[in-house]
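Worksheet: one structure, shown below.
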Amino acid sequence: MTVPRIEFDVHDMANGGEAVGKHDGKTIVVGGAVPGERVTAVVVRDKGAWARGELERVTSPSPARVDPPCPHFEECGGCQWQFMTYAEQLKWKSSIVAGQLRHLGGVADPEIADIVAPGNPFEYRNRMTFHVRDGRPGLYRHRSREQVPITSCLLLVPGLKELYDRLGPLVGVHELTLRMGARTGQRAVLIRGTVPEQAAEWGVPVVRLAGRRFEPTIGSPRIHEEVTGVQFRITASAFFQVNTDGAEALVGLVREALQPTAIDTLLDAFAGVGLF
């Protein structure tokens, strides 16, 4: 069976992060392309009105295209847009929000504020979960449950990267979560499975998850983080913003929009740790 190969121009970005183009009147979505590029793709799924392509070659690259800095980018599904400049990424994120407001919200001409880009595009994640196979931590391949072993991750805050680099063989571990207070420096490890023998050498609290119960194995099961001068106590598995700079930016934007006074009461209905 011959697999259809098509060449077309990319002109937009879809909500899921894939690029969008047209070929013979049909909408084609394809990952790994930058709007403004001409690409060759193999059709892997044809739904009639639209089709999904797998990028084969960029025949006319965009000036915004760059070499992905992560050595795992081509295999790992943790990141999508490392092949374009950060400024281009921000532009298309804003465009996607406007498109969703038009298509789903029915807003004919949405007014979009300037996008806020807090902190570093890398080294920002204060929490990250890795799946472990044969003692090696990894992440899933894009659109797959296949695990890709990861030797390093550019998204981790430096304190977690340092910890990740000296974890050692994770024999008996099924899943591993690293988290850190980016402002306080406090770190903790959450493990599903057996706690490895070398865990005591990590120098951080270790918590084991057994079913739905948490078993503090080494040290306290909690860390603290600070956002805009307010300190939060975070348990090993609790939800909290993974980007501390982003959390501070969110608080600032909410304050700016609501202009709260001393007599106002604000309810953080989303809960989690209760950032607001």
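The way I read the labels, and the way they are meant: chains A, B, ... in the order of the structure tokens, residue 1 as the first residue of every chain, and ligand 1 as the first ligand shown, with later ones counted on from there.
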- Query: If you run DSSP on this backbone, which residues of segment 15-203 of chain A come out as alpha helix (DSSP H), and could you give them as a count of residues only?
  - Reply: 26
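Proximity of A:Leu250, A:Arg212, A:Met128, A:Phe239 to Ile115 of chain A, computed with only C-alpha atoms, is greatest for A:Leu250.
Atom CA of Ala113 of chain A sits 25.4 Å away from atom CA of Pro63 of chain A.
Checking A:Ser152, A:Asn15, A:Thr27, A:Thr228 one by one against Lys93 of chain A, counting only C-alpha atoms, you find the shortest gap at A:Asn15.
Going from atom CA of Ile191 of chain A over to atom CA of Asn243 of chain A, you cover 21.6 Å.
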- Item | Counting only C-alpha atoms, the residue of A:Arg213, A:Lys47, A:Lys91, A:Arg233 that sits nearest Ala64 of chain A | A:Lys91
- Item | Pick from A:Gly229, A:Gly17, A:Gly78, A:Pro4, whichever lies nearest to Arg45 of chain A using only C-alpha atoms | A:Pro4
- Task: Considering only C-alpha atoms, return as a list in words whatever protein or nucleic-acid residues lie within 12 Å of Gln100 of chain A, sequence-local ones (same chain, fewer than 2 positions apart) excluded.
- Result: Met13, Ala14, Asn15, Gly16, Lys93, Ser94, Ser95, Ile96, Val97, Ala98, Arg102, His103, Leu104, Gly105, Gly106, Val107, Ala108, Asp109, Pro110 and Ile112 of chain A
- Among the residues A:Asp67, A:Glu18, A:Glu201, A:Asp245, the one that comes closest to Glu54 of chain A [using only C-alpha atoms]: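 Closest to Glu54 of chain A, using only C-alpha atoms: A:Glu18.
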- Task: Write down as a PyMOL selection string the residues of segment 8-155 of chain A whose backbone DSSP state falls under strand (DSSP E).
- Result: chain A and resi 8-13+19-23+26-30+38-46+50-60+127-133+136-140+147-149
Kindly save the residues from that selection, with N, CA and C atoms included, as a short mmCIF file (atom, residue, chain, number, x, y, z; two decimals), in the first residue's frame.
```
data_model
loop_
_atom_site.label_atom_id
_atom_site.label_comp_id
_atom_site.auth_asym_id
_atom_site.auth_seq_id
_atom_site.Cartn_x
_atom_site.Cartn_y
_atom_site.Cartn_z
N PHE A 8 3.11 20.98 1.09
CA PHE A 8 2.15 22.07 1.28
C PHE A 8 2.77 23.16 2.14
N ASP A 9 2.12 24.31 2.18
CA ASP A 9 2.55 25.45 3.00
C ASP A 9 1.79 25.45 4.32
N VAL A 10 2.52 25.74 5.39
CA VAL A 10 1.94 25.84 6.73
C VAL A 10 1.62 27.30 7.02
N HIS A 11 0.40 27.56 7.54
CA HIS A 11 0.01 28.95 7.73
C HIS A 11 -0.50 29.27 9.13
N ASP A 12 -0.71 28.24 10.00
CA ASP A 12 -1.33 28.52 11.30
C ASP A 12 -0.89 27.45 12.31
N MET A 13 -1.29 27.67 13.57
CA MET A 13 -1.06 26.71 14.64
C MET A 13 -2.40 26.33 15.26
N ALA A 19 1.03 22.32 13.65
CA ALA A 19 0.89 23.32 12.60
C ALA A 19 -0.24 22.93 11.66
N VAL A 20 -0.78 23.92 10.96
CA VAL A 20 -1.92 23.71 10.06
C VAL A 20 -1.60 24.25 8.68
N GLY A 21 -1.97 23.47 7.66
CA GLY A 21 -1.79 23.90 6.28
C GLY A 21 -2.92 23.38 5.43
N LYS A 22 -2.84 23.64 4.12
CA LYS A 22 -3.86 23.18 3.18
C LYS A 22 -3.18 22.44 2.02
N HIS A 23 -3.84 21.37 1.58
CA HIS A 23 -3.37 20.64 0.40
C HIS A 23 -4.60 20.22 -0.41
N LYS A 26 -7.85 20.54 1.39
CA LYS A 26 -8.04 19.79 2.63
C LYS A 26 -7.11 20.33 3.72
N THR A 27 -7.63 20.47 4.93
CA THR A 27 -6.81 20.92 6.06
C THR A 27 -5.89 19.79 6.51
N ILE A 28 -4.61 20.12 6.67
CA ILE A 28 -3.61 19.16 7.12
C ILE A 28 -2.98 19.67 8.40
N VAL A 29 -2.95 18.83 9.45
CA VAL A 29 -2.24 19.18 10.68
C VAL A 29 -0.97 18.34 10.75
N VAL A 30 0.11 18.97 11.17
CA VAL A 30 1.39 18.28 11.22
C VAL A 30 2.24 18.87 12.35
N ARG A 38 7.32 25.64 4.09
CA ARG A 38 6.79 24.66 3.14
C ARG A 38 7.40 23.32 3.55
N VAL A 39 6.53 22.31 3.70
CA VAL A 39 6.99 21.04 4.23
C VAL A 39 6.48 19.88 3.38
N THR A 40 7.16 18.75 3.52
CA THR A 40 6.69 17.48 2.95
C THR A 40 6.31 16.59 4.12
N ALA A 41 5.13 15.96 4.01
CA ALA A 41 4.65 15.11 5.10
C ALA A 41 4.02 13.84 4.53
N VAL A 42 4.00 12.81 5.35
CA VAL A 42 3.33 11.56 5.03
C VAL A 42 1.98 11.55 5.74
N VAL A 43 0.92 11.30 5.00
CA VAL A 43 -0.42 11.25 5.60
C VAL A 43 -0.56 9.96 6.41
N VAL A 44 -0.79 10.11 7.72
CA VAL A 44 -0.92 8.94 8.59
C VAL A 44 -2.35 8.72 9.05
N ARG A 45 -3.20 9.73 8.84
CA ARG A 45 -4.61 9.59 9.23
C ARG A 45 -5.46 10.53 8.39
N ASP A 46 -6.39 9.98 7.65
CA ASP A 46 -7.26 10.77 6.79
C ASP A 46 -8.69 10.70 7.31
N TRP A 50 -10.27 16.57 6.91
CA TRP A 50 -8.92 16.93 7.33
C TRP A 50 -8.07 15.68 7.45
N ALA A 51 -6.76 15.88 7.56
CA ALA A 51 -5.84 14.75 7.69
C ALA A 51 -4.68 15.13 8.58
N ARG A 52 -4.09 14.11 9.19
CA ARG A 52 -2.90 14.34 10.00
C ARG A 52 -1.69 13.83 9.23
N GLY A 53 -0.66 14.66 9.17
CA GLY A 53 0.57 14.28 8.49
C GLY A 53 1.72 14.12 9.46
N GLU A 54 2.67 13.30 9.10
CA GLU A 54 3.90 13.14 9.87
C GLU A 54 5.01 13.83 9.09
N LEU A 55 5.64 14.82 9.73
CA LEU A 55 6.63 15.63 9.05
C LEU A 55 7.79 14.77 8.53
N GLU A 56 8.10 14.94 7.26
CA GLU A 56 9.21 14.21 6.65
C GLU A 56 10.38 15.12 6.35
N ARG A 57 10.05 16.34 5.83
CA ARG A 57 11.13 17.25 5.44
C ARG A 57 10.61 18.68 5.41
N VAL A 58 11.45 19.62 5.83
CA VAL A 58 11.13 21.04 5.70
C VAL A 58 11.85 21.54 4.45
N THR A 59 11.09 21.83 3.41
CA THR A 59 11.71 22.24 2.15
C THR A 59 12.04 23.72 2.10
N SER A 60 11.31 24.52 2.88
CA SER A 60 11.58 25.95 2.95
C SER A 60 11.42 26.40 4.40
N ARG A 127 8.43 20.95 39.74
CA ARG A 127 7.88 19.61 39.99
C ARG A 127 7.83 18.85 38.67
N MET A 128 8.26 17.59 38.71
CA MET A 128 8.21 16.80 37.48
C MET A 128 8.15 15.32 37.84
N THR A 129 7.30 14.59 37.10
CA THR A 129 7.12 13.16 37.33
C THR A 129 7.74 12.38 36.18
N PHE A 130 8.51 11.36 36.53
CA PHE A 130 9.14 10.49 35.54
C PHE A 130 8.64 9.06 35.73
N HIS A 131 8.42 8.38 34.64
CA HIS A 131 8.11 6.96 34.68
C HIS A 131 9.43 6.19 34.67
N VAL A 132 9.47 5.09 35.37
CA VAL A 132 10.73 4.35 35.52
C VAL A 132 10.57 2.96 34.93
N ARG A 133 11.53 2.58 34.12
CA ARG A 133 11.54 1.24 33.52
C ARG A 133 12.95 0.70 33.58
N ARG A 136 15.53 2.99 35.05
CA ARG A 136 15.91 4.23 34.36
C ARG A 136 14.69 5.14 34.23
N PRO A 137 14.80 6.40 34.67
CA PRO A 137 13.68 7.32 34.55
C PRO A 137 13.51 7.81 33.11
N GLY A 138 12.28 8.11 32.74
CA GLY A 138 12.04 8.60 31.39
C GLY A 138 10.69 9.25 31.27
N LEU A 139 10.37 9.70 30.06
CA LEU A 139 9.09 10.31 29.73
C LEU A 139 8.51 9.59 28.53
N TYR A 140 7.22 9.79 28.28
CA TYR A 140 6.59 9.10 27.16
C TYR A 140 6.89 9.79 25.84
N GLN A 147 8.04 4.48 26.58
CA GLN A 147 8.91 5.31 27.42
C GLN A 147 10.24 5.60 26.74
N VAL A 148 10.67 6.86 26.85
CA VAL A 148 11.97 7.29 26.34
C VAL A 148 12.88 7.59 27.54
N PRO A 149 13.97 6.84 27.73
CA PRO A 149 14.89 7.14 28.84
C PRO A 149 15.47 8.55 28.70
#
```
